[in-house]
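Text of upload-v3.csv (CSV, C-alpha atoms) as supplied:
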```csv
chain,number,residue,atom,x,y,z
A,1,MET,CA,1.7,30.6,-43.9
A,2,LEU,CA,1.0,31.5,-47.5
A,3,SER,CA,-0.7,28.2,-48.4
A,4,TRP,CA,-4.1,29.8,-48.2
A,5,MET,CA,-3.2,32.1,-51.0
A,6,ALA,CA,-2.7,29.1,-53.3
A,7,TRP,CA,0.3,30.5,-55.1
A,8,THR,CA,1.4,29.1,-58.4
A,9,TRP,CA,4.7,30.1,-60.2
A,10,PRO,CA,3.0,31.7,-63.3
A,11,THR,CA,0.8,34.0,-61.1
A,12,ALA,CA,3.8,34.7,-58.8
A,13,LEU,CA,5.9,35.7,-61.9
A,14,LEU,CA,3.1,37.9,-63.1
A,15,PHE,CA,3.1,39.8,-59.8
A,16,ILE,CA,6.9,39.9,-59.6
A,17,GLY,CA,6.8,41.4,-63.1
A,18,ILE,CA,4.3,44.1,-62.1
A,19,PHE,CA,6.0,45.0,-58.9
A,20,THR,CA,9.4,45.1,-60.6
A,21,ALA,CA,8.0,47.5,-63.1
A,22,ILE,CA,6.6,49.7,-60.3
A,23,GLY,CA,9.9,49.5,-58.5
A,24,THR,CA,11.8,50.5,-61.6
A,25,LEU,CA,9.5,53.5,-62.1
A,26,ILE,CA,10.2,54.5,-58.5
A,27,MET,CA,13.9,54.3,-59.0
A,28,ILE,CA,13.7,56.4,-62.2
A,29,GLU,CA,11.4,58.8,-60.3
A,30,ILE,CA,14.0,59.3,-57.6
A,31,ARG,CA,16.8,59.9,-60.2
A,32,HIS,CA,14.6,62.1,-62.4
A,33,PRO,CA,11.7,63.5,-60.4
A,34,GLY,CA,8.6,65.0,-62.1
A,35,GLY,CA,7.3,61.8,-63.8
A,36,ASP,CA,8.3,62.9,-67.3
A,37,GLU,CA,4.9,64.5,-67.9
A,38,ARG,CA,4.0,65.0,-71.6
A,39,ARG,CA,1.1,65.2,-73.9
A,40,GLY,CA,0.9,62.1,-76.1
A,41,VAL,CA,-0.8,61.1,-79.4
A,42,LEU,CA,-4.1,60.3,-77.6
A,43,GLY,CA,-4.3,63.9,-76.4
A,44,LEU,CA,-3.8,62.8,-72.8
A,45,THR,CA,-1.2,64.2,-70.4
A,46,THR,CA,0.5,61.2,-69.0
A,47,THR,CA,3.4,60.5,-66.6
A,48,ARG,CA,5.5,57.3,-66.6
A,49,GLY,CA,3.1,55.8,-64.1
A,50,ASP,CA,0.1,56.5,-66.2
A,51,ARG,CA,1.8,54.9,-69.2
A,52,LEU,CA,2.5,51.8,-67.2
A,53,PHE,CA,-1.2,51.7,-66.1
A,54,ILE,CA,-2.4,52.1,-69.6
A,55,SER,CA,-0.1,49.4,-70.8
A,56,LEU,CA,-1.2,46.9,-68.2
A,57,LEU,CA,-4.9,47.7,-68.6
A,58,GLY,CA,-4.6,47.4,-72.4
A,59,THR,CA,-2.7,44.2,-72.0
A,60,SER,CA,-5.4,42.6,-69.9
A,61,TYR,CA,-8.0,43.5,-72.5
A,62,ILE,CA,-5.9,42.2,-75.4
A,63,PHE,CA,-5.5,38.8,-73.6
A,64,LEU,CA,-9.2,38.7,-72.6
A,65,ALA,CA,-10.4,39.6,-76.1
A,66,TRP,CA,-8.1,36.9,-77.6
A,67,LEU,CA,-9.2,34.3,-75.1
A,68,GLY,CA,-12.9,35.1,-75.7
A,69,LEU,CA,-12.8,35.4,-79.5
A,70,VAL,CA,-10.0,33.0,-80.6
A,71,GLY,CA,-8.7,30.9,-77.7
A,72,MET,CA,-5.4,29.2,-77.1
A,73,PRO,CA,-2.5,29.5,-77.8
A,74,LEU,CA,-1.6,33.0,-76.6
A,75,TRP,CA,1.5,33.9,-78.5
A,76,THR,CA,-0.2,36.5,-80.8
A,77,PRO,CA,-1.8,38.5,-77.9
A,78,LEU,CA,1.6,38.3,-76.1
A,79,GLY,CA,3.2,40.0,-79.2
A,80,LEU,CA,0.4,42.5,-79.5
A,81,SER,CA,0.7,43.3,-75.8
A,82,ILE,CA,4.4,43.9,-76.0
A,83,ALA,CA,3.8,46.1,-79.0
A,84,TRP,CA,1.1,48.0,-77.1
A,85,GLY,CA,3.4,48.5,-74.1
A,86,ILE,CA,6.2,49.9,-76.3
A,87,PHE,CA,3.7,52.1,-78.1
A,88,CYS,CA,2.4,53.4,-74.7
A,89,PHE,CA,5.9,54.3,-73.4
A,90,TRP,CA,7.0,55.7,-76.7
A,91,LYS,CA,4.0,57.8,-77.9
A,92,VAL,CA,1.1,58.0,-75.4
B,1,MET,CA,19.7,72.4,-58.5
B,2,LYS,CA,16.3,71.7,-57.1
B,3,THR,CA,16.3,69.5,-54.0
B,4,VAL,CA,13.5,67.0,-53.5
B,5,ASN,CA,12.2,65.9,-50.1
B,6,HIS,CA,11.2,62.3,-50.1
B,7,LYS,CA,9.9,62.3,-46.5
B,8,GLY,CA,6.3,62.4,-47.8
B,9,TRP,CA,6.6,58.8,-48.7
B,10,TYR,CA,6.7,57.8,-45.0
B,11,PHE,CA,3.3,59.4,-44.5
B,12,VAL,CA,1.8,57.3,-47.3
B,13,ALA,CA,3.2,54.1,-45.8
B,14,PRO,CA,0.3,53.3,-43.4
B,15,VAL,CA,-2.2,53.6,-46.2
B,16,LEU,CA,-0.1,51.3,-48.4
B,17,VAL,CA,0.0,48.7,-45.6
B,18,LEU,CA,-3.8,49.0,-45.1
B,19,VAL,CA,-4.5,48.7,-48.8
B,20,ALA,CA,-2.1,45.8,-49.0
B,21,PHE,CA,-4.1,43.9,-46.4
B,22,ASN,CA,-7.6,44.7,-47.4
B,23,ALA,CA,-7.2,44.9,-51.2
B,24,LEU,CA,-3.9,43.8,-52.7
B,25,ILE,CA,-3.4,40.5,-50.9
B,26,PRO,CA,-7.1,39.3,-51.4
B,27,MET,CA,-6.8,40.4,-55.0
B,28,MET,CA,-3.6,38.4,-55.5
B,29,THR,CA,-5.4,35.4,-54.0
B,30,VAL,CA,-8.2,35.8,-56.4
B,31,VAL,CA,-5.7,35.8,-59.3
B,32,ASN,CA,-4.2,32.6,-57.9
B,33,TYR,CA,-7.6,31.0,-57.6
B,34,SER,CA,-8.6,32.0,-61.2
B,35,VAL,CA,-6.1,29.6,-62.7
B,36,GLN,CA,-6.8,26.6,-60.4
B,37,GLU,CA,-9.5,24.2,-59.4
B,38,THR,CA,-10.2,23.3,-55.8
B,39,PHE,CA,-12.5,20.8,-54.0
B,40,GLY,CA,-11.8,22.4,-50.6
B,41,ASP,CA,-9.2,21.5,-48.0
B,42,ASN,CA,-6.8,23.9,-49.5
B,43,VAL,CA,-5.9,21.5,-52.3
B,44,PHE,CA,-5.5,23.1,-55.7
B,45,PHE,CA,-5.1,21.8,-59.2
B,46,TRP,CA,-3.6,23.8,-62.1
B,47,GLU,CA,-6.2,24.7,-64.8
B,48,GLY,CA,-4.4,27.4,-66.8
B,49,LEU,CA,-6.8,29.9,-68.4
B,50,THR,CA,-9.7,27.5,-68.9
B,51,TRP,CA,-12.0,29.4,-66.6
B,52,PHE,CA,-11.4,32.7,-68.4
B,53,GLU,CA,-12.2,31.1,-71.7
B,54,GLN,CA,-15.3,29.4,-70.2
B,55,ILE,CA,-16.6,32.6,-68.6
B,56,LEU,CA,-15.9,34.8,-71.6
B,57,ARG,CA,-17.9,32.4,-73.8
B,58,SER,CA,-20.7,31.6,-71.4
B,59,ASP,CA,-24.2,32.9,-72.3
B,60,ARG,CA,-25.0,33.2,-68.6
B,61,PHE,CA,-22.2,35.7,-68.1
B,62,HIS,CA,-23.1,37.7,-71.2
B,63,ALA,CA,-26.7,37.9,-70.0
B,64,ALA,CA,-25.7,39.0,-66.5
B,65,LEU,CA,-23.3,41.6,-68.0
B,66,GLY,CA,-26.1,42.9,-70.3
B,67,ARG,CA,-28.5,43.2,-67.3
B,68,GLN,CA,-25.8,44.9,-65.3
B,69,PHE,CA,-25.1,47.5,-68.0
B,70,MET,CA,-28.8,48.1,-68.5
B,71,PHE,CA,-29.3,48.6,-64.7
B,72,THR,CA,-26.4,51.0,-64.4
B,73,ALA,CA,-27.4,53.0,-67.5
B,74,LEU,CA,-31.0,53.3,-66.4
B,75,ILE,CA,-30.2,54.5,-62.9
B,76,LEU,CA,-27.6,57.0,-64.2
B,77,LEU,CA,-30.0,58.3,-66.8
B,78,ILE,CA,-32.6,58.9,-64.1
B,79,GLU,CA,-30.5,59.8,-61.0
B,80,VAL,CA,-28.2,62.4,-62.6
B,81,PRO,CA,-30.8,64.7,-64.3
B,82,LEU,CA,-33.2,64.2,-61.4
B,83,GLY,CA,-30.5,65.0,-58.8
B,84,ILE,CA,-29.4,68.1,-60.7
B,85,ALA,CA,-33.0,69.3,-61.0
B,86,ILE,CA,-33.7,68.8,-57.3
B,87,ALA,CA,-30.4,70.6,-56.4
B,88,LEU,CA,-31.4,73.5,-58.6
B,89,SER,CA,-34.8,73.9,-57.0
B,90,MET,CA,-33.5,73.7,-53.4
B,91,PRO,CA,-33.3,77.0,-51.5
B,92,ARG,CA,-29.8,78.6,-51.2
B,93,LYS,CA,-30.3,80.3,-47.8
B,94,GLY,CA,-32.8,80.5,-44.9
B,95,PHE,CA,-34.7,78.1,-42.6
B,96,TRP,CA,-35.5,75.5,-45.3
B,97,VAL,CA,-31.9,74.8,-46.2
B,98,PRO,CA,-31.1,72.4,-43.3
B,99,VAL,CA,-34.6,70.9,-43.5
B,100,CYS,CA,-34.0,70.0,-47.2
B,101,LEU,CA,-30.5,68.8,-46.6
B,102,VAL,CA,-31.4,66.5,-43.8
B,103,THR,CA,-34.5,65.1,-45.6
B,104,MET,CA,-32.3,64.4,-48.7
B,105,ALA,CA,-29.6,62.7,-46.6
B,106,LEU,CA,-32.0,60.4,-44.8
B,107,PRO,CA,-32.3,57.6,-47.4
B,108,MET,CA,-28.5,57.3,-47.6
B,109,LEU,CA,-28.3,56.6,-43.9
B,110,ILE,CA,-30.3,53.4,-44.1
B,111,PRO,CA,-28.2,50.2,-44.5
B,112,TRP,CA,-28.4,48.5,-47.8
B,113,ASN,CA,-30.0,45.3,-46.6
B,114,VAL,CA,-32.6,47.3,-44.7
B,115,VAL,CA,-33.5,49.2,-47.9
B,116,GLY,CA,-33.9,45.9,-49.7
B,117,ALA,CA,-36.2,44.5,-46.9
B,118,MET,CA,-38.2,47.7,-46.7
B,119,TRP,CA,-38.9,47.8,-50.4
B,120,ASN,CA,-39.7,44.1,-50.4
B,121,ILE,CA,-42.4,44.5,-47.8
B,122,PHE,CA,-43.5,47.8,-49.3
B,123,THR,CA,-44.1,46.3,-52.8
B,124,LEU,CA,-45.4,42.8,-52.0
B,125,PRO,CA,-48.6,42.5,-54.0
B,126,ASP,CA,-50.9,41.3,-51.3
B,127,ILE,CA,-49.6,42.8,-48.0
B,128,GLY,CA,-47.3,45.7,-49.1
B,129,LEU,CA,-48.7,49.2,-48.9
B,130,LEU,CA,-47.7,50.0,-52.5
B,131,GLY,CA,-48.3,46.6,-53.8
B,132,TYR,CA,-51.8,46.3,-52.3
B,133,PHE,CA,-52.7,49.9,-53.4
B,134,LEU,CA,-51.6,49.3,-57.0
B,135,ASN,CA,-53.3,45.9,-57.3
B,136,HIS,CA,-56.5,46.2,-55.3
B,137,THR,CA,-57.3,50.0,-55.3
B,138,LEU,CA,-56.0,51.1,-58.7
B,139,GLY,CA,-56.5,47.7,-60.3
B,140,ILE,CA,-53.0,47.8,-62.0
B,141,ASN,CA,-51.6,44.3,-62.3
B,142,TYR,CA,-48.3,44.6,-60.5
B,143,ASP,CA,-46.3,41.7,-59.0
B,144,MET,CA,-42.6,42.1,-58.7
B,145,THR,CA,-42.3,38.5,-57.5
B,146,GLN,CA,-43.7,37.1,-60.8
B,147,ASP,CA,-43.3,39.7,-63.5
B,148,PRO,CA,-39.8,40.6,-64.7
B,149,VAL,CA,-40.9,44.1,-65.8
B,150,ALA,CA,-42.4,44.9,-62.4
B,151,ALA,CA,-39.2,43.5,-60.8
B,152,TRP,CA,-37.1,45.8,-62.9
B,153,VAL,CA,-39.3,48.9,-62.2
B,154,THR,CA,-39.0,48.1,-58.5
B,155,ILE,CA,-35.2,47.7,-58.3
B,156,ILE,CA,-34.8,50.9,-60.4
B,157,THR,CA,-37.2,52.8,-58.2
B,158,MET,CA,-35.5,51.6,-55.1
B,159,ASP,CA,-32.1,52.6,-56.3
B,160,VAL,CA,-33.4,56.0,-57.4
B,161,TRP,CA,-35.0,56.5,-54.0
B,162,HIS,CA,-31.8,55.4,-52.2
B,163,TRP,CA,-29.1,57.2,-54.1
B,164,THR,CA,-30.5,60.2,-56.0
B,165,SER,CA,-29.7,62.1,-52.8
B,166,LEU,CA,-26.0,61.6,-53.4
B,167,VAL,CA,-26.2,63.4,-56.7
B,168,VAL,CA,-28.4,66.1,-55.1
B,169,LEU,CA,-26.0,66.8,-52.2
B,170,LEU,CA,-22.9,66.9,-54.4
B,171,SER,CA,-24.6,69.1,-57.1
B,172,TYR,CA,-25.9,71.4,-54.3
B,173,ALA,CA,-22.4,71.8,-52.9
B,174,GLY,CA,-21.2,72.8,-56.4
B,175,LEU,CA,-24.1,75.2,-56.8
B,176,VAL,CA,-23.6,77.1,-53.5
B,177,SER,CA,-19.9,77.6,-54.3
B,178,ILE,CA,-20.8,79.8,-57.3
B,179,PRO,CA,-20.2,83.5,-56.3
B,180,ASP,CA,-23.1,85.9,-56.7
B,181,ALA,CA,-21.1,88.0,-59.1
B,182,TYR,CA,-21.6,85.4,-61.9
B,183,TYR,CA,-25.4,85.6,-61.5
B,184,GLN,CA,-25.3,89.4,-61.4
B,185,ALA,CA,-23.2,89.5,-64.6
B,186,ALA,CA,-25.7,87.1,-66.2
B,187,LYS,CA,-28.6,89.3,-65.2
B,188,ILE,CA,-26.9,92.4,-66.7
B,189,ASP,CA,-26.4,90.6,-70.0
B,190,GLY,CA,-30.0,89.5,-69.9
B,191,ALA,CA,-29.2,85.8,-69.9
B,192,SER,CA,-32.1,83.3,-69.9
B,193,ASN,CA,-32.5,80.7,-67.2
B,194,TRP,CA,-31.3,78.1,-69.6
B,195,ALA,CA,-28.2,80.1,-70.5
B,196,VAL,CA,-27.4,80.6,-66.8
B,197,PHE,CA,-27.7,76.8,-66.3
B,198,ARG,CA,-25.7,75.9,-69.4
B,199,PHE,CA,-22.8,78.4,-69.1
B,200,ILE,CA,-22.6,79.1,-65.4
B,201,GLN,CA,-24.1,76.4,-63.2
B,202,LEU,CA,-23.3,73.3,-65.3
B,203,PRO,CA,-19.6,74.1,-65.8
B,204,LYS,CA,-19.2,75.0,-62.1
B,205,MET,CA,-20.8,71.7,-61.1
B,206,LYS,CA,-18.7,69.7,-63.5
B,207,ASN,CA,-16.1,68.5,-61.0
B,208,VAL,CA,-18.6,67.4,-58.4
B,209,LEU,CA,-20.8,65.8,-61.0
B,210,THR,CA,-17.8,63.9,-62.3
B,211,ILE,CA,-17.3,62.5,-58.8
B,212,ALA,CA,-21.0,61.8,-58.4
B,213,ILE,CA,-21.4,59.9,-61.7
B,214,LEU,CA,-18.2,58.0,-61.0
B,215,LEU,CA,-19.4,57.0,-57.5
B,216,ARG,CA,-22.9,56.1,-58.8
B,217,PHE,CA,-21.4,54.1,-61.7
B,218,MET,CA,-19.1,52.1,-59.4
B,219,ASP,CA,-21.7,51.5,-56.7
B,220,SER,CA,-24.4,50.5,-59.1
B,221,PHE,CA,-22.1,48.4,-61.2
B,222,ASN,CA,-21.1,46.5,-58.0
B,223,ILE,CA,-24.5,46.5,-56.4
B,224,TYR,CA,-25.4,43.3,-54.6
B,225,THR,CA,-27.3,43.6,-51.3
B,226,GLU,CA,-30.4,45.6,-52.3
B,227,PRO,CA,-31.6,43.6,-55.3
B,228,PHE,CA,-30.6,40.4,-53.6
B,229,VAL,CA,-32.8,41.1,-50.6
B,230,LEU,CA,-35.6,42.6,-52.8
B,231,THR,CA,-35.9,40.1,-55.6
B,232,GLY,CA,-33.1,37.5,-55.0
B,233,GLY,CA,-32.2,37.9,-58.7
B,234,GLY,CA,-35.7,36.7,-59.8
B,235,PRO,CA,-38.2,36.1,-61.1
B,236,GLY,CA,-36.2,33.5,-63.0
B,237,ASN,CA,-32.9,35.2,-63.7
B,238,SER,CA,-34.4,38.5,-64.8
B,239,THR,CA,-32.8,40.7,-62.1
B,240,THR,CA,-29.6,38.5,-61.6
B,241,LEU,CA,-27.0,41.3,-61.8
B,242,LEU,CA,-23.3,40.4,-62.1
B,243,SER,CA,-22.5,40.3,-58.4
B,244,ILE,CA,-25.5,38.2,-57.6
B,245,ASP,CA,-24.4,35.7,-60.3
B,246,LEU,CA,-20.9,35.9,-59.0
B,247,VAL,CA,-21.9,35.0,-55.5
B,248,LYS,CA,-24.1,32.2,-56.8
B,249,ILE,CA,-21.1,30.7,-58.6
B,250,ALA,CA,-18.7,31.2,-55.7
B,251,LEU,CA,-20.8,30.3,-52.7
B,252,GLY,CA,-23.8,28.5,-54.2
B,253,GLN,CA,-21.9,26.2,-56.5
B,254,PHE,CA,-18.5,26.5,-54.7
B,255,ASP,CA,-16.8,27.0,-58.1
B,256,LEU,CA,-14.0,29.2,-56.8
B,257,GLY,CA,-12.0,29.1,-60.0
B,258,PRO,CA,-14.6,30.3,-62.4
B,259,ALA,CA,-15.9,32.8,-59.8
B,260,ALA,CA,-12.3,34.2,-59.5
B,261,ALA,CA,-12.0,34.4,-63.2
B,262,MET,CA,-15.3,36.1,-63.5
B,263,SER,CA,-14.5,38.6,-60.7
B,264,LEU,CA,-11.3,39.6,-62.5
B,265,ILE,CA,-13.1,40.2,-65.7
B,266,TYR,CA,-15.7,42.2,-63.7
B,267,PHE,CA,-12.9,44.2,-62.1
B,268,ALA,CA,-11.3,44.9,-65.5
B,269,ILE,CA,-14.6,46.3,-66.8
B,270,THR,CA,-15.1,48.5,-63.8
B,271,LEU,CA,-11.6,49.8,-64.0
B,272,LEU,CA,-11.7,50.6,-67.7
B,273,VAL,CA,-15.1,52.4,-67.6
B,274,SER,CA,-14.0,54.4,-64.5
B,275,TRP,CA,-10.7,55.3,-66.0
B,276,LEU,CA,-12.1,56.3,-69.4
B,277,PHE,CA,-14.8,58.4,-67.8
B,278,TYR,CA,-12.5,60.2,-65.4
B,279,THR,CA,-9.8,60.7,-68.1
B,280,LEU,CA,-12.3,62.2,-70.5
B,281,MET,CA,-13.9,64.4,-67.9
B,282,THR,CA,-10.6,65.9,-66.6
B,283,LYS,CA,-9.0,66.1,-70.1
B,284,ASP,CA,-9.9,69.7,-70.7
B,285,ASP,CA,-8.5,70.8,-67.3
B,286,GLN,CA,-5.1,69.4,-68.1
B,287,ASN,CA,-4.6,71.2,-71.3
```
Would you encode the structure as structure tokens?
Amino acid sequence: MLSWMAWTWPTALLFIGIFTAIGTLIMIEIRHPGGDERRGVLGLTTTRGDRLFISLLGTSYIFLAWLGLVGMPLWTPLGLSIAWGIFCFWKV
Amino acid sequence: MKTVNHKGWYFVAPVLVLVAFNALIPMMTVVNYSVQETFGDNVFFWEGLTWFEQILRSDRFHAALGRQFMFTALILLIEVPLGIAIALSMPRKGFWVPVCLVTMALPMLIPWNVVGAMWNIFTLPDIGLLGYFLNHTLGINYDMTQDPVAAWVTIITMDVWHWTSLVVLLSYAGLVSIPDAYYQAAKIDGASNWAVFRFIQLPKMKNVLTIAILLRFMDSFNIYTEPFVLTGGGPGNSTTLLSIDLVKIALGQFDLGPAAAMSLIYFAITLLVSWLFYTLMTKDDQN
């Protein structure tokens, strides 16, 4: 039934990761409603969901930039992305 | 303690299902395609991130992206000021209001491929009304099938003709929502026309203009049908915008992997620009 979607494990893990993150945010939101809104260092008012979005969008650009300008392997952009994600949830 | 009602989530559920089927599942499939190679028959081979590297470094992609940004920038620079100017000069009450509104709305009612075909016939140098007039009556050398500059002028003019109305109608809606009291106060203070525009009309139109620019950005950045029917991406590759190139790769060459990688990069660009623009425009309201 799913063969037309041409699943691979790496892409499946990517989506499992994203959906797990969204699910976690939903659980936190049910426990502590309100989205933990605050004004971060970029001058933006963000909720937890916004911070996840900014982390993921930034991550995709970090990887694309690295692939385009440097190429394989991708350990450095992985490190940069994790750092960016931590920064987003901590300060943005 | 404050109680929270979560019933609202059930009302969102149908939309989530719909979005899952028409956007999320196709999108996931594109992600899967982007890391594989296929020769049809639903047989796929793992390629890793080769296609992303290939697309990001290809001159063809850079050129199409450059043309795409130029197209979007040009039509925004023309359509937004022109739309505001037309909205400002439209009557606010009386018999002419519906006449103006319907006339403005007409171009938007025409299907995109029909607009392309209309402008194609209209501008053909030997048989088109405009093409013939320019070439044979005015003596201007104009041939959008041969000359890249003429082709660009034609697709820009076509888009301006088709979509300026959207900016006009949204700006007009913003304008008519301004209470008379603002204008009276401005008159008492002896404000000039420019001051009225700058400090009353423009701020009041800001929200609708944000939406108008966002819609025009997304639509023009993803535009396919009109230039495809009008010029087919030619002459040469001079009007091959991103989506035209994408379809050439996906359907013309049947390179589904590179096409999938390209469409994800394309999506990331649209997402970032839209998010940046929206965030910057609504930043002041939040604080």
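Our summary of the geometry notes that CA of Gly83 in chain B is positioned 6.7 Å from CA of Ser165 in chain B.
Shell of Gly49 in chain A at 12 Å, with only C-alpha atoms counted and residues fewer than 6 places along the chain excluded, is Ile18, Ala21, Ile22, Gly23, Thr24, Leu25, Ile26, Ile28, Glu29, Gly34, Gly35, Asp36, Glu37, Arg38, Ser55, Leu56, Cys88, Phe89 and Val92 of chain A.
Near chain B, the residues of chain A that fall inside 9 Å (using all atoms listed in the file) are Ser3, Trp4, Met5, Ala6, Trp7, Thr8, Thr11, Ala12, Phe15, Ile30, Pro33, Arg39, Gly43, Leu44, Thr45, Leu57, Ser60, Tyr61, Leu64, Ala65, Leu67, Gly68, Leu69, Gly71 and Met72 of chain A.
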CA of Leu170 in chain B sits from CA of Val208 in chain B at a separation of 5.9 Å
Find the residues of range 218-237 of chain B that sit at most 12 Å from range 157-164 of chain B; for each, write down the nearest two atoms and how far apart they are in Å, to one decimal. Count all atoms listed in the file. Sort by chain, then by number going up, and give it as a tab-separated table.
```
residue	atom	partner	partner_atom	distance
B:Asp219	CA	B:Trp163	CA	9.7
B:Ser220	CA	B:Asp159	CA	8.5
B:Phe221	CA	B:Asp159	CA	11.9
B:Ile223	CA	B:Asp159	CA	9.7
B:Tyr224	CA	B:Asp159	CA	11.6
B:Thr225	CA	B:Asp159	CA	11.4
B:Glu226	CA	B:Asp159	CA	8.2
B:Pro227	CA	B:Met158	CA	8.9
B:Val229	CA	B:Met158	CA	11.7
B:Leu230	CA	B:Met158	CA	9.3
B:Thr231	CA	B:Met158	CA	11.5
```
Nearest to Ile54 in chain A, restricted to all atoms listed in the file and choosing among B:Ile244, B:Met281, B:Ala195, B:Leu276, comes out as B:Leu276
Practice task
Find the spatial neighbours of Met70 in chain B, counting only C-alpha atoms, within a cut-off of 12 Å - ignore same-chain residues fewer than 4 positions away - and output them as a PyMOL selection string.
Solution key: chain B and resi 63-66+74-77+152+156+217+220-221+238-242
Report task. Tell me which of B:Gln201, B:Leu101, B:Met218, B:Asp143 sits closest to Tyr183 in chain B, counting only C-alpha atoms. Result ->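 Among the listed residues, the smallest separation from Tyr183 in chain B belongs to B:Gln201.
Going from CA of Pro107 in chain B over to CA of Phe197 in chain B, you cover 27.3 Å.
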Because some atoms of range 163-175 of chain B are absent here, can you restore N, CA and C atoms and send them as a PDB file, keeping the file's coordinate frame?
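Okay, part33.pdb is ready:
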```
ATOM      1  N   TRP B 163     -30.349  56.531 -53.785  1.00  0.00           N
ATOM      2  CA  TRP B 163     -29.100  57.200 -54.100  1.00  0.00           C
ATOM      3  C   TRP B 163     -29.185  58.490 -54.892  1.00  0.00           C
ATOM      4  N   THR B 164     -30.391  58.933 -55.297  1.00  0.00           N
ATOM      5  CA  THR B 164     -30.500  60.200 -56.000  1.00  0.00           C
ATOM      6  C   THR B 164     -29.913  61.329 -55.061  1.00  0.00           C
ATOM      7  N   SER B 165     -30.130  61.145 -53.744  1.00  0.00           N
ATOM      8  CA  SER B 165     -29.700  62.100 -52.800  1.00  0.00           C
ATOM      9  C   SER B 165     -28.182  62.431 -52.898  1.00  0.00           C
ATOM     10  N   LEU B 166     -27.416  61.410 -53.233  1.00  0.00           N
ATOM     11  CA  LEU B 166     -26.000  61.600 -53.400  1.00  0.00           C
ATOM     12  C   LEU B 166     -25.681  62.644 -54.454  1.00  0.00           C
ATOM     13  N   VAL B 167     -26.351  62.459 -55.611  1.00  0.00           N
ATOM     14  CA  VAL B 167     -26.200  63.400 -56.700  1.00  0.00           C
ATOM     15  C   VAL B 167     -26.671  64.788 -56.284  1.00  0.00           C
ATOM     16  N   VAL B 168     -27.813  64.820 -55.579  1.00  0.00           N
ATOM     17  CA  VAL B 168     -28.400  66.100 -55.100  1.00  0.00           C
ATOM     18  C   VAL B 168     -27.376  66.826 -54.233  1.00  0.00           C
ATOM     19  N   LEU B 169     -26.873  66.146 -53.215  1.00  0.00           N
ATOM     20  CA  LEU B 169     -26.000  66.800 -52.200  1.00  0.00           C
ATOM     21  C   LEU B 169     -24.718  67.306 -52.895  1.00  0.00           C
ATOM     22  N   LEU B 170     -24.138  66.483 -53.784  1.00  0.00           N
ATOM     23  CA  LEU B 170     -22.900  66.900 -54.400  1.00  0.00           C
ATOM     24  C   LEU B 170     -23.179  68.090 -55.381  1.00  0.00           C
ATOM     25  N   SER B 171     -24.274  68.008 -56.168  1.00  0.00           N
ATOM     26  CA  SER B 171     -24.600  69.100 -57.100  1.00  0.00           C
ATOM     27  C   SER B 171     -24.877  70.386 -56.275  1.00  0.00           C
ATOM     28  N   TYR B 172     -25.584  70.224 -55.163  1.00  0.00           N
ATOM     29  CA  TYR B 172     -25.900  71.400 -54.300  1.00  0.00           C
ATOM     30  C   TYR B 172     -24.639  72.042 -53.819  1.00  0.00           C
ATOM     31  N   ALA B 173     -23.684  71.214 -53.383  1.00  0.00           N
ATOM     32  CA  ALA B 173     -22.400  71.800 -52.900  1.00  0.00           C
ATOM     33  C   ALA B 173     -21.728  72.548 -54.031  1.00  0.00           C
ATOM     34  N   GLY B 174     -21.817  72.030 -55.271  1.00  0.00           N
ATOM     35  CA  GLY B 174     -21.200  72.800 -56.400  1.00  0.00           C
ATOM     36  C   GLY B 174     -21.965  74.063 -56.644  1.00  0.00           C
ATOM     37  N   LEU B 175     -23.298  74.040 -56.512  1.00  0.00           N
ATOM     38  CA  LEU B 175     -24.100  75.200 -56.800  1.00  0.00           C
ATOM     39  C   LEU B 175     -23.844  76.351 -55.795  1.00  0.00           C
TER      40      LEU B 175
END
```
